[in-house]
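Peer 1: What follows is a single structure, and I will ask about it in a moment.
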Amino acid sequence: MAEQKIFGYGNNISVKQGDEITFHVNCDGASTAEAQLVQLIHGDAHEAGPGHVEREIDNPVNGTWEVKKQFTQLGNFYSVEDPSSCLAMEKAFSMTCFIWPTMPKKGTRQTIMGRWDTRNNTGYALGISPQGYLEFWVGDGEEVDYITAEMPLLNKVWYAVGVAYDPSTNTATLHQTGVLNRYNSLVGPVVPYELDSHIQTRLRFHPDNKPGVPFMIGGARDSHVLRGDFINDLFAGKLDRPAVLSGAMSHAEFTECAKGTRPAQADLIAYWDTTEGLSENGVGQTLIDTGPNGLDAEGHNHPVRCMTGWNWTGKADCFRLAPEQYGGIEFHPDTVTDCKWEVTNRMTVPADLPSGVYAIRLRVGPGEGISEEYIVFFVRPRTPRAKLAFLVPTASYLAYGNESLSFDAHIIQPMTGQPPVVTDLDIETYEHREFGLSTYDTYEDGAGVCYSSYLRPVINMRPKYRMSSMNITWQFPADLSIVAWIDKMGYDCEFITDEDVHREGIDCLRPYKCVITGTHPEYVSERMLDAQEDWVQEGGRLIYMGGNGYYWCVGFSEDHPECMEVRKLDSGMRAWAARPGEHYLQTTGEKSGLWKNRGRAPQKLLGVGFIAEGFETAMPFRKMPDSYHRTVSWITEGIEGELIGDCGLAYGGAAGVELDKYDLTLGTPPHTKIIASSGGHSDNYVLVTEELLYAYAGLVGSLDYRIRADVTYYTSWNHGAVFSTGSIGYGQALPANDFDNSASKMLKNVVDAFIKEGALPGSQWTLEEKQWR
Amino acid sequence: MTQLDEPSKDVPLVADSEKHFYEYFNAKQREYVKQVLNDDLIEEYRRKPLGHHSEPLERTLAYFRRLPISEQYALKQSKDGTYRMISMSGQRGVPPTYVSDEVFQTLHDGYFGIFMRQIKDMTEK
Amino acid sequence: MSEANENKEYTWINPLGVWGAKGGNYEVTSNQVSDPSDVWRKNTGYKVPTSKVGRLKHYHIWDNHNEKLWKRLRWWPTRRHLLHVKGIYNRKTLNAEKKILDRRPIYWVICMVILFIGPLLFPSSMQSSLLTAGATFGIFAAINVCWTLIIGTASIFSLATYAVVGVAAFLTSWLSINFGMPWFSLPLIGAAIGFAMGGLIALPALRLDGFYYALLTLGLNELCRVYFTTSQEFGSASGGLYGADSYLSESWSPAVQSHASYYIALMILIGALVLFRFVNGKRLGRILRMAPEKREAFAEACGVDYKRARIQIFILTSAALGLIGGLYTAHFRGVAFSIFSFDTVLLGLAMLTIGGIGKAEGAILGTLVVVFLDRVMIEWGPMRHFLIGALMLASVLWLNNGYFGIKQQFNAWRDKKRGEWRSTRTEKGGEALPEEATEIDDKDDLYFRRYDKMQRDYLKTLITPEIIAEHKAKPLGQHSEALERVLLYFRRAKMEDKYALHRVGPDGPFKIIAFSGVRGVSPRVVEDKEYPTEEAGYHGVFMRRVHDLLES
């Protein structure tokens, strides 16, 4: 019997009562699945906590669903709508392009551009042969004929390539010349490479340009008996300014093209100007044809734009400064930002369903491990009524979506100080990488992943999931510990997400008096930050429950709100580093990277910012002298002794994993008080790289005083305030001992105070001290 | 297990709250160093001031090196090639001062002299 | 600490004890750690003598075309280029070079040119004998090339080749003599005769095994010999048949005749080569090479119809042999009984063996050697047959695949020698030697090997029962320096075969797995042992890593 697996996603992550949400499910080994709408309360199986807690909800969508296998198109490419078949040329034609291959010796065929049908071997295409040589091929349905270049293509070097084909003599001429300069390639001009190759040969037959075959840039259409049509032979690397010309161009004409001269409009059939549309605010998914026929190309799975092009001279390090040097578009054969599965079922969110964290639980066969799936979504209130809201960090969930650090990242074991603990689900999704990668992974060609979306199964955005490299819950399942705490304390709480705050700004936050963040809201857009800053000034009370929060600058485009873009740059604790010149977001045009390096360190809003990271063990907080001041002594009211948070589900303490601290030099409000700090972290805790100007021996927990978490508090305008715990582990400390612990007590004091209107406790004790002691 | 220090409540107001933690942290480090400091450790340093050290000695040295500049020492070479110990002021523009009249014949002796001085400072805290 | 105190036991005091870290291990028995630089100071050179490496460029390497247009011709109408050439970048200088992957077409052309201008180079005293020998060579080489199709490509051990040629030759001679058939009809009739005979001897080839089939064909050969020698019709009295029509006109001068016969024989050889090329290189040849003797079952399981292929090859080759038989008659104006004699067969076998069975060039070389010794070096007397035998024996004894297999055999032998040399010189898991370094492109790896060896040698001295106990008591958390150094090394290991745990069920148990290190390939289970808790699992992983370290 085939192994039974089930995976799925929803088309929306945040819905209001009355909205519709569609579910897309892929199943192997079964044709029906049992579905149940559940409300998720807690998702960590650690024995110190309550375990997995969910509540089943009645809904017409429950029951047996018909499910089937669905395939995913991996890889990005452009497809051209060509209704009048301008690109099915019967007369002489030429093609040119600039290419920067990243895996020429990949071992499989790669298509640069062409109108090729792999299944029937018809059409023509320009691409790279499996041995790594430039090649042009034609097919008449029976056989395929090739012309191959003489010298192999080199990794990460810019070439101008072209082919001139004359059917009257059936001669094909293939051109390849290097356009490497001091900046634009992996190696410099001192390396004695001869890059040119110009070959002419007589082909044995004419290409058969059957109707219905699409013209593609970066791939070719193939077909499979089970799957139907799909795109294969994908290109890895950058392309710039692909063009199709009429007539067979001469060697001299090719040389002109290679210098960058745009061919005359009269000679063009299509000229996809990759720099067209680059603006102050980025560029979209359409590749514009500035030739006479207007054959615009649509991008699939987000090819990465705003990348340096063949003519980059190094001085303009942003596409906004010199768009004509930024015609590069990068392709990756193993990327996916939209699975495009068919709808399996749909649900209208009932009007009486309270705002909260929900999922459709699907089970086939044994109903556990890979035979169980939770499609998670968040329900917002149509009319906000509560005073308290939980801000779900969906952008950060996307950033970590489907990470596979345990398997591919060499540094992960030294970092976590322990061997990973993987499950069948991890192995299954690693082997069959149809669900894409996270921004912590690299593509097969070594480039960092900069796009992540939720239109695909995200296996770590599920309850019960543990991050294998660290053996604790992470992001969504860890946040459920806070959700469970809110539920246990009986607060009337509503749920909003990053997506809502980004789209609606301060309007989304205004109804609430107090907003709690998740354990690790690491990725934020400018609009999200602006909204929260403004809301705090208006009197809002923010509780930052995380560590390493508000760290990365991300962007969303209006057309694809489900897909987040981030580029990791030269600084920060980062899994990859973007190449020079490619630091700016395609979706918004702003520089990505750390908010600290944009002039907006997290200390400005939260009072604390990322300082250290470590695993294996966690420590409790200890009260600091300021905690006794009457302006803030109410925060630690009712806590016996000095320790706060000496137990928890993440390594046994509330201060653990990623730690933030107070820093006046980075913008912590000057009147902020440190309520409690942790200490005695082990040597696995290390200082973050952006705080290092020079590295030296002993930047570890037992030797560096900076490695700690600070609990801070400050007040703003209109009785607004911000309370920060500065530690990822804090949220996971809440459920310990059935929610009866010091970390829980401190948080309760704060939430109780924050949801009340008017002045905050302790606001009267502000006169200058005249001490007797 | 050692008795935990309570962070002091009688702390003057400071502009940078970090200072509270810094002092507390150093107090904890001193506790540890006092546990491991013994004649063997001192002998180890005397024999080999620079280079690979055992873990307790290295941690002790790490504590000394991370003290504020005003509590640190250096060596000043005299014209006849001998050395005297100086103490850093820690204030921008203010020069260091001689600590004592003791003269060290070699650099090696000088390092050891500083080490013993720092131990003395620590035990007096 | 001095050398004497190396790895002395001591009580490690946990620096986090003062912070009240939970979970014990405030004081643990551990070992002093020696200076890690010691191992670097002790190892300052290779342990084996080293010498320079490099291969002098002693022949011309063709440059690439660079900016010039290269008009590439093909063997029209196929898609094969004239020469199988690849452009590569030299690993040492990055020069663009042309690498000719298969030089054989060049050698063939050179040899053919030599053969064709041969007569101009022959010393005039030996002119006629060399030309005659050359003609004989041409015809017999053609026969052997066809024979190679059977013995080499189809690997069917048939000795009936000369029988077919002989029968065709005799019958066409007889027809020409008695019915005056013109010379141009003789090859065609011969081909038809060959075709018929081919069908006859093909069928037993399907049923009989190698040795028995050889005996059968030998018997057939004998049958023909006895029949023709004792048959009056076929010239038993005169030792053969003579007087058939020939394309070599009597009216031509002897010099012209011998030149013509030489060149015509060469044309026949080229014809045979063309046949060989188109059978061996195409589908039929591929099928036959896939189903040699004793491996028919495998081929059949793959869906290959080898029976049909075998019948085809026999018929085709026999028709070709018959055609050659007809040409033989037309060339020599008749045929002698000696064509059936056993020594003809043996000489033929010698021709094949010396060159190497399976290759056309082998058949030609063998024929050349034997014909040269047999027909040209006549003054050596019986010695020359002894020499032929000795050459054949030497070829069989020492060469795996005849003369043309020498290069392959030599390379294999060199590889073996290299393997033996290396194993005496390299240390297991040690540094790369200068000769090994030529094979590694990322020179950073070379440094890593040195560094890793030093690390391992050093860390082996740190493994003691104390640190194992320390790990078992508390796998995660602050550790003494000795244990931490070992752990840091383990965690930094490369991904290939790196250990991790697999949680089997939601609450355990745990099994040890190892990562593949290859993107997309999932990890493998290392052992069946199950660990009840994570701590036990972490310690199990640690013990495995310690074991691997001590073994390396």
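In the structure tokens, chains take letters A, B, ... by order of appearance, with residues numbered from 1 within each chain and ligands from 1 in the order shown.
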Mind the document's chain letters and residue numbers, and return as a ChimeraX atom specification the residues of segment 302-404 of chain A that DSSP labels alpha helix (DSSP H).

Peer 2: /A:394-399

Peer 1: With 8 Å as the limit and counting only C-alpha atoms, what residues in chain C lie close to chain A? Please list them as a PDB file with C-alpha atoms, in the first residue's frame.

Peer 2:
ATOM      1  CA  PRO C  15      31.667  29.243  36.158  1.00  0.00           C
ATOM      2  CA  LEU C  16      27.889  29.397  35.985  1.00  0.00           C
ATOM      3  CA  VAL C  18      27.664  31.349  40.942  1.00  0.00           C
ATOM      4  CA  TRP C  19      24.591  32.227  38.905  1.00  0.00           C
ATOM      5  CA  GLY C  20      22.676  29.346  40.342  1.00  0.00           C
ATOM      6  CA  ALA C  21      22.357  27.517  37.056  1.00  0.00           C
ATOM      7  CA  ASN C  64      40.283  27.371 -29.596  1.00  0.00           C
ATOM      8  CA  HIS C  65      38.937  29.580 -32.334  1.00  0.00           C
ATOM      9  CA  ASN C  66      38.348  32.524 -30.042  1.00  0.00           C
ATOM     10  CA  GLU C  67      36.657  35.342 -31.993  1.00  0.00           C
ATOM     11  CA  LYS C  68      36.957  33.703 -35.380  1.00  0.00           C
ATOM     12  CA  LEU C  69      33.963  31.957 -36.827  1.00  0.00           C
ATOM     13  CA  TRP C  70      34.336  28.177 -36.868  1.00  0.00           C
ATOM     14  CA  LYS C  71      32.455  26.607 -39.730  1.00  0.00           C
ATOM     15  CA  ARG C  72      31.891  23.134 -38.478  1.00  0.00           C
ATOM     16  CA  LEU C  73      31.385  20.400 -41.012  1.00  0.00           C
ATOM     17  CA  ARG C  74      29.484  17.247 -40.443  1.00  0.00           C
ATOM     18  CA  PRO C  77      23.550  13.698 -43.671  1.00  0.00           C
ATOM     19  CA  THR C  78      24.275  12.522 -40.154  1.00  0.00           C
ATOM     20  CA  ARG C  79      24.757  14.889 -37.287  1.00  0.00           C
ATOM     21  CA  LYS C  86      35.564  19.488 -26.938  1.00  0.00           C
ATOM     22  CA  GLY C  87      36.674  22.910 -25.789  1.00  0.00           C
ATOM     23  CA  ILE C  88      38.037  22.992 -22.255  1.00  0.00           C
ATOM     24  CA  TYR C  89      39.860  25.376 -19.950  1.00  0.00           C
ATOM     25  CA  THR C  93      46.632  27.914 -16.751  1.00  0.00           C
ATOM     26  CA  LEU C  94      42.951  28.409 -17.726  1.00  0.00           C
ATOM     27  CA  ASN C  95      44.027  28.508 -21.366  1.00  0.00           C
ATOM     28  CA  ALA C  96      41.246  27.651 -23.762  1.00  0.00           C
ATOM     29  CA  LEU C 476      23.550  19.948  27.155  1.00  0.00           C
ATOM     30  CA  GLY C 477      24.873  23.007  28.938  1.00  0.00           C
ATOM     31  CA  GLN C 478      28.141  24.411  30.179  1.00  0.00           C
ATOM     32  CA  LEU C 488      32.949  21.853  19.349  1.00  0.00           C
ATOM     33  CA  ARG C 491      29.555  19.931  15.813  1.00  0.00           C
ATOM     34  CA  ARG C 492      31.744  21.541  13.153  1.00  0.00           C
ATOM     35  CA  ALA C 493      32.127  18.329  11.178  1.00  0.00           C
ATOM     36  CA  LYS C 494      30.994  18.344   7.578  1.00  0.00           C
ATOM     37  CA  MET C 495      27.421  17.342   6.912  1.00  0.00           C
ATOM     38  CA  TYR C 499      24.753  12.217  13.227  1.00  0.00           C
ATOM     39  CA  ALA C 500      21.390  13.393  14.479  1.00  0.00           C
ATOM     40  CA  LEU C 501      18.392  11.871  16.208  1.00  0.00           C
ATOM     41  CA  HIS C 502      15.150  10.723  14.715  1.00  0.00           C
ATOM     42  CA  ARG C 503      12.090  10.975  16.919  1.00  0.00           C
ATOM     43  CA  VAL C 504      10.048   7.930  15.997  1.00  0.00           C
ATOM     44  CA  PRO C 506       5.471  11.937  19.415  1.00  0.00           C
ATOM     45  CA  PHE C 515      22.865  13.010   7.138  1.00  0.00           C
ATOM     46  CA  GLY C 517      25.564  15.733   2.944  1.00  0.00           C
ATOM     47  CA  ARG C 519      21.217  18.311  -1.112  1.00  0.00           C
ATOM     48  CA  GLY C 520      17.872  16.588  -1.409  1.00  0.00           C
ATOM     49  CA  VAL C 521      19.036  13.154  -0.241  1.00  0.00           C
ATOM     50  CA  SER C 522      17.477  12.175   3.053  1.00  0.00           C
ATOM     51  CA  PRO C 523      19.436  10.781   6.037  1.00  0.00           C
ATOM     52  CA  TYR C 538      22.474  12.742  22.725  1.00  0.00           C
ATOM     53  CA  VAL C 541      25.415  10.190  19.404  1.00  0.00           C
TER      54      VAL C 541
END

Peer 1: So which one's closest to Phe435 of chain A, A:Ala316, A:Val25, A:Ala484, A:Leu74? Using only C-alpha atoms, please.

Peer 2: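 For Phe435 of chain A, the nearest of the given residues is A:Leu74.
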
Peer 1: What are the closest atom pairs, with distances in Å to one decimal, for all residues of chain B lying within 12 Å of chain C? Consider only C-alpha atoms, order rows by chain and residue number, and present the result as JSON lines.

Peer 2:
{"residue": "B:Met1", "atom": "CA", "partner": "C:Gly17", "partner_atom": "CA", "distance": 6.8}
{"residue": "B:Thr2", "atom": "CA", "partner": "C:Val18", "partner_atom": "CA", "distance": 6.2}
{"residue": "B:Gln3", "atom": "CA", "partner": "C:Val18", "partner_atom": "CA", "distance": 8.1}
{"residue": "B:Leu4", "atom": "CA", "partner": "C:Val18", "partner_atom": "CA", "distance": 7.2}
{"residue": "B:Asp5", "atom": "CA", "partner": "C:Val18", "partner_atom": "CA", "distance": 9.2}
{"residue": "B:Glu6", "atom": "CA", "partner": "C:Trp19", "partner_atom": "CA", "distance": 11.3}
{"residue": "B:Tyr24", "atom": "CA", "partner": "C:Trp19", "partner_atom": "CA", "distance": 10.7}
{"residue": "B:Phe25", "atom": "CA", "partner": "C:Trp19", "partner_atom": "CA", "distance": 9.5}
{"residue": "B:Asn26", "atom": "CA", "partner": "C:Val18", "partner_atom": "CA", "distance": 11.4}
{"residue": "B:Ala27", "atom": "CA", "partner": "C:Val18", "partner_atom": "CA", "distance": 9.7}
{"residue": "B:Lys28", "atom": "CA", "partner": "C:Val18", "partner_atom": "CA", "distance": 6.2}
{"residue": "B:Gln29", "atom": "CA", "partner": "C:Pro15", "partner_atom": "CA", "distance": 7.9}
{"residue": "B:Arg30", "atom": "CA", "partner": "C:Val18", "partner_atom": "CA", "distance": 9.4}
{"residue": "B:Glu31", "atom": "CA", "partner": "C:Val18", "partner_atom": "CA", "distance": 6.7}
{"residue": "B:Tyr32", "atom": "CA", "partner": "C:Pro15", "partner_atom": "CA", "distance": 5.8}
{"residue": "B:Val33", "atom": "CA", "partner": "C:Pro15", "partner_atom": "CA", "distance": 8.4}
{"residue": "B:Lys34", "atom": "CA", "partner": "C:Val18", "partner_atom": "CA", "distance": 10.8}
{"residue": "B:Gln35", "atom": "CA", "partner": "C:Ile13", "partner_atom": "CA", "distance": 7.9}
{"residue": "B:Val36", "atom": "CA", "partner": "C:Ile13", "partner_atom": "CA", "distance": 7.3}
{"residue": "B:Leu37", "atom": "CA", "partner": "C:Ile13", "partner_atom": "CA", "distance": 11.0}
{"residue": "B:Asp40", "atom": "CA", "partner": "C:Met1", "partner_atom": "CA", "distance": 9.4}
{"residue": "B:Leu41", "atom": "CA", "partner": "C:Met1", "partner_atom": "CA", "distance": 9.1}
{"residue": "B:Ile42", "atom": "CA", "partner": "C:Met1", "partner_atom": "CA", "distance": 11.0}
{"residue": "B:Glu43", "atom": "CA", "partner": "C:Met1", "partner_atom": "CA", "distance": 9.1}
{"residue": "B:Glu44", "atom": "CA", "partner": "C:Met1", "partner_atom": "CA", "distance": 5.9}
{"residue": "B:Tyr45", "atom": "CA", "partner": "C:Met1", "partner_atom": "CA", "distance": 8.8}
{"residue": "B:Arg46", "atom": "CA", "partner": "C:Met1", "partner_atom": "CA", "distance": 10.6}
{"residue": "B:Arg47", "atom": "CA", "partner": "C:Met1", "partner_atom": "CA", "distance": 8.4}
{"residue": "B:Lys48", "atom": "CA", "partner": "C:Met1", "partner_atom": "CA", "distance": 8.2}
{"residue": "B:Pro49", "atom": "CA", "partner": "C:Met1", "partner_atom": "CA", "distance": 11.0}
{"residue": "B:Leu50", "atom": "CA", "partner": "C:Asp35", "partner_atom": "CA", "distance": 11.9}
{"residue": "B:Gly51", "atom": "CA", "partner": "C:Asp35", "partner_atom": "CA", "distance": 8.5}
{"residue": "B:His52", "atom": "CA", "partner": "C:Asp35", "partner_atom": "CA", "distance": 5.7}
{"residue": "B:His53", "atom": "CA", "partner": "C:Met1", "partner_atom": "CA", "distance": 7.2}
{"residue": "B:Ser54", "atom": "CA", "partner": "C:Val33", "partner_atom": "CA", "distance": 6.5}
{"residue": "B:Glu55", "atom": "CA", "partner": "C:Glu481", "partner_atom": "CA", "distance": 6.2}
{"residue": "B:Pro56", "atom": "CA", "partner": "C:Ile13", "partner_atom": "CA", "distance": 8.0}
{"residue": "B:Leu57", "atom": "CA", "partner": "C:Met1", "partner_atom": "CA", "distance": 10.3}
{"residue": "B:Glu58", "atom": "CA", "partner": "C:Glu481", "partner_atom": "CA", "distance": 10.6}
{"residue": "B:Arg59", "atom": "CA", "partner": "C:Pro15", "partner_atom": "CA", "distance": 8.5}
{"residue": "B:Thr60", "atom": "CA", "partner": "C:Pro15", "partner_atom": "CA", "distance": 10.3}
{"residue": "B:Tyr63", "atom": "CA", "partner": "C:Pro15", "partner_atom": "CA", "distance": 11.6}

Peer 1: What are the nearest atom pairs, with distances in Å to one decimal, for all residues of chain A that come at most 9 Å from chain B, using only C-alpha atoms, set out by chain and rising residue number as JSON lines?

Peer 2:
{"residue": "A:Arg622", "atom": "CA", "partner": "B:Pro7", "partner_atom": "CA", "distance": 8.6}
{"residue": "A:Lys623", "atom": "CA", "partner": "B:Pro7", "partner_atom": "CA", "distance": 7.6}
{"residue": "A:Met624", "atom": "CA", "partner": "B:Pro7", "partner_atom": "CA", "distance": 6.6}
{"residue": "A:Pro625", "atom": "CA", "partner": "B:Lys9", "partner_atom": "CA", "distance": 5.4}
{"residue": "A:Asp626", "atom": "CA", "partner": "B:Lys9", "partner_atom": "CA", "distance": 8.3}
{"residue": "A:Tyr628", "atom": "CA", "partner": "B:Lys9", "partner_atom": "CA", "distance": 7.7}
{"residue": "A:Glu642", "atom": "CA", "partner": "B:Glu6", "partner_atom": "CA", "distance": 7.8}
{"residue": "A:Tyr662", "atom": "CA", "partner": "B:Glu18", "partner_atom": "CA", "distance": 7.3}
{"residue": "A:Asp663", "atom": "CA", "partner": "B:Glu18", "partner_atom": "CA", "distance": 7.7}
{"residue": "A:Leu664", "atom": "CA", "partner": "B:Asp16", "partner_atom": "CA", "distance": 7.1}
{"residue": "A:Pro670", "atom": "CA", "partner": "B:Ala15", "partner_atom": "CA", "distance": 7.8}
{"residue": "A:His671", "atom": "CA", "partner": "B:Ala15", "partner_atom": "CA", "distance": 8.5}
{"residue": "A:Thr672", "atom": "CA", "partner": "B:Ser17", "partner_atom": "CA", "distance": 8.4}
{"residue": "A:Lys673", "atom": "CA", "partner": "B:Ser17", "partner_atom": "CA", "distance": 7.0}
{"residue": "A:Ile674", "atom": "CA", "partner": "B:Ser17", "partner_atom": "CA", "distance": 6.7}
{"residue": "A:Ser677", "atom": "CA", "partner": "B:Phe21", "partner_atom": "CA", "distance": 7.7}
{"residue": "A:Gly679", "atom": "CA", "partner": "B:Phe25", "partner_atom": "CA", "distance": 7.7}
{"residue": "A:Gly680", "atom": "CA", "partner": "B:Phe25", "partner_atom": "CA", "distance": 8.7}
{"residue": "A:Ala697", "atom": "CA", "partner": "B:Ala62", "partner_atom": "CA", "distance": 8.8}
{"residue": "A:Gly698", "atom": "CA", "partner": "B:Ala62", "partner_atom": "CA", "distance": 7.6}
{"residue": "A:Ser702", "atom": "CA", "partner": "B:Gln29", "partner_atom": "CA", "distance": 8.6}
{"residue": "A:Leu703", "atom": "CA", "partner": "B:Ala62", "partner_atom": "CA", "distance": 7.0}
{"residue": "A:Asp704", "atom": "CA", "partner": "B:Arg66", "partner_atom": "CA", "distance": 8.5}
{"residue": "A:Tyr705", "atom": "CA", "partner": "B:Phe25", "partner_atom": "CA", "distance": 6.1}
{"residue": "A:Arg706", "atom": "CA", "partner": "B:Tyr22", "partner_atom": "CA", "distance": 8.2}
{"residue": "A:Arg773", "atom": "CA", "partner": "B:Asp10", "partner_atom": "CA", "distance": 7.2}

Peer 1: Excluding segment 311-324 of chain C and its own-chain neighbours fewer than 2 positions away, which residues fall within 8 Å of it when counting only C-alpha atoms? Please give them as a ChimeraX atom specification.

Peer 2: /C:139,142-143,146-147,149-150,154,161,164-165,168-169,186-199,201-203,268,272,284,307-309,326-328

Peer 1: Let me see the file: selected residues, C-alpha atoms, as a PDB file, in the first residue's frame.

Peer 2:
ATOM      1  CA  ILE C 139      41.369  -9.333 -49.384  1.00  0.00           C
ATOM      2  CA  ALA C 142      38.384  -7.672 -45.635  1.00  0.00           C
ATOM      3  CA  ILE C 143      37.509 -11.257 -44.748  1.00  0.00           C
ATOM      4  CA  CYS C 146      33.751  -9.428 -41.565  1.00  0.00           C
ATOM      5  CA  TRP C 147      34.830 -12.256 -39.317  1.00  0.00           C
ATOM      6  CA  LEU C 149      31.641  -8.921 -36.771  1.00  0.00           C
ATOM      7  CA  ILE C 150      30.833 -12.480 -35.842  1.00  0.00           C
ATOM      8  CA  ALA C 154      28.246 -10.930 -31.828  1.00  0.00           C
ATOM      9  CA  THR C 161      34.325 -17.982 -42.359  1.00  0.00           C
ATOM     10  CA  VAL C 164      31.831 -19.629 -46.798  1.00  0.00           C
ATOM     11  CA  VAL C 165      34.395 -17.721 -48.767  1.00  0.00           C
ATOM     12  CA  ALA C 168      31.397 -19.072 -52.834  1.00  0.00           C
ATOM     13  CA  ALA C 169      34.763 -18.834 -54.573  1.00  0.00           C
ATOM     14  CA  LEU C 186      30.474 -13.296 -59.713  1.00  0.00           C
ATOM     15  CA  PRO C 187      30.312 -11.142 -56.584  1.00  0.00           C
ATOM     16  CA  LEU C 188      26.537 -11.061 -56.765  1.00  0.00           C
ATOM     17  CA  ILE C 189      26.263 -14.793 -57.191  1.00  0.00           C
ATOM     18  CA  GLY C 190      28.773 -15.206 -54.427  1.00  0.00           C
ATOM     19  CA  ALA C 191      26.661 -12.990 -52.192  1.00  0.00           C
ATOM     20  CA  ALA C 192      23.623 -15.145 -52.881  1.00  0.00           C
ATOM     21  CA  ILE C 193      25.583 -18.282 -52.060  1.00  0.00           C
ATOM     22  CA  GLY C 194      26.851 -16.680 -48.926  1.00  0.00           C
ATOM     23  CA  PHE C 195      23.336 -15.660 -48.008  1.00  0.00           C
ATOM     24  CA  ALA C 196      22.155 -19.240 -48.262  1.00  0.00           C
ATOM     25  CA  MET C 197      25.065 -20.582 -46.293  1.00  0.00           C
ATOM     26  CA  GLY C 198      24.568 -17.938 -43.698  1.00  0.00           C
ATOM     27  CA  GLY C 199      21.058 -19.037 -43.096  1.00  0.00           C
ATOM     28  CA  ILE C 201      24.951 -21.893 -40.095  1.00  0.00           C
ATOM     29  CA  ALA C 202      22.947 -19.260 -38.276  1.00  0.00           C
ATOM     30  CA  LEU C 203      20.387 -21.632 -36.891  1.00  0.00           C
ATOM     31  CA  ILE C 268      37.435  -4.289 -51.112  1.00  0.00           C
ATOM     32  CA  ALA C 272      34.364  -4.310 -45.645  1.00  0.00           C
ATOM     33  CA  LEU C 284      22.278  -4.273 -34.848  1.00  0.00           C
ATOM     34  CA  LYS C 307      17.945 -14.339 -31.698  1.00  0.00           C
ATOM     35  CA  ARG C 308      16.771 -12.283 -34.583  1.00  0.00           C
ATOM     36  CA  ALA C 309      19.860 -10.117 -34.353  1.00  0.00           C
ATOM     37  CA  GLY C 326      33.150 -13.935 -55.680  1.00  0.00           C
ATOM     38  CA  LEU C 327      35.591 -11.067 -55.814  1.00  0.00           C
ATOM     39  CA  TYR C 328      38.358 -13.471 -54.821  1.00  0.00           C
TER      40      TYR C 328
END

Peer 1: Skip segment 273-277 of chain A itself and residues of its chain fewer than 2 positions away, then list as a compact mmCIF listing (two decimals) with C-alpha atoms, in the first residue's frame all residues within 7 Å of it, counting only C-alpha atoms.

Peer 2:
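Generated file (around-v2.txt):
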# COMPACT_ATOMS: atom_id res chain seq x y z
CA ASP A 240 19.24 40.28 -19.16
CA ARG A 241 17.45 41.76 -22.14
CA TYR A 271 12.70 42.98 -27.09
CA SER A 279 11.00 52.78 -10.38
CA VAL A 283 8.89 46.76 -10.14
CA LEU A 287 8.43 41.78 -18.24
CA ILE A 288 7.70 44.48 -20.78
CA ASP A 289 8.29 44.04 -24.49
CA THR A 290 9.40 47.36 -25.96
CA PRO A 323 18.18 51.41 -13.60
CA GLU A 324 19.82 50.79 -16.96
CA TYR A 326 19.99 46.65 -13.31
CA GLY A 327 18.48 44.56 -16.04
CA GLY A 328 19.39 41.29 -14.37

Peer 1: Suppose you want the space between atom CA of Glu535 of chain C and atom CA of Met573 of chain A; what is it in Å?

Peer 2: 28.5 Å

Peer 1: If we count only C-alpha atoms and set the cut-off at 6 Å, which residues sit around segment 102-117 of chain B, ignoring sequence neighbours fewer than 5 positions away in its own chain? Please answer as number ranges by chain.

Peer 2: B: 46, 82-84

Peer 1: Go ahead and write the selection's residues with C-alpha atoms as a compact mmCIF listing (two decimals), in the first residue's frame.

Peer 2:
# COMPACT_ATOMS: atom_id res chain seq x y z
CA ARG B 46 54.11 32.91 36.56
CA THR B 82 63.46 47.91 33.21
CA TYR B 83 59.72 48.30 33.77
CA ARG B 84 57.43 49.95 36.22
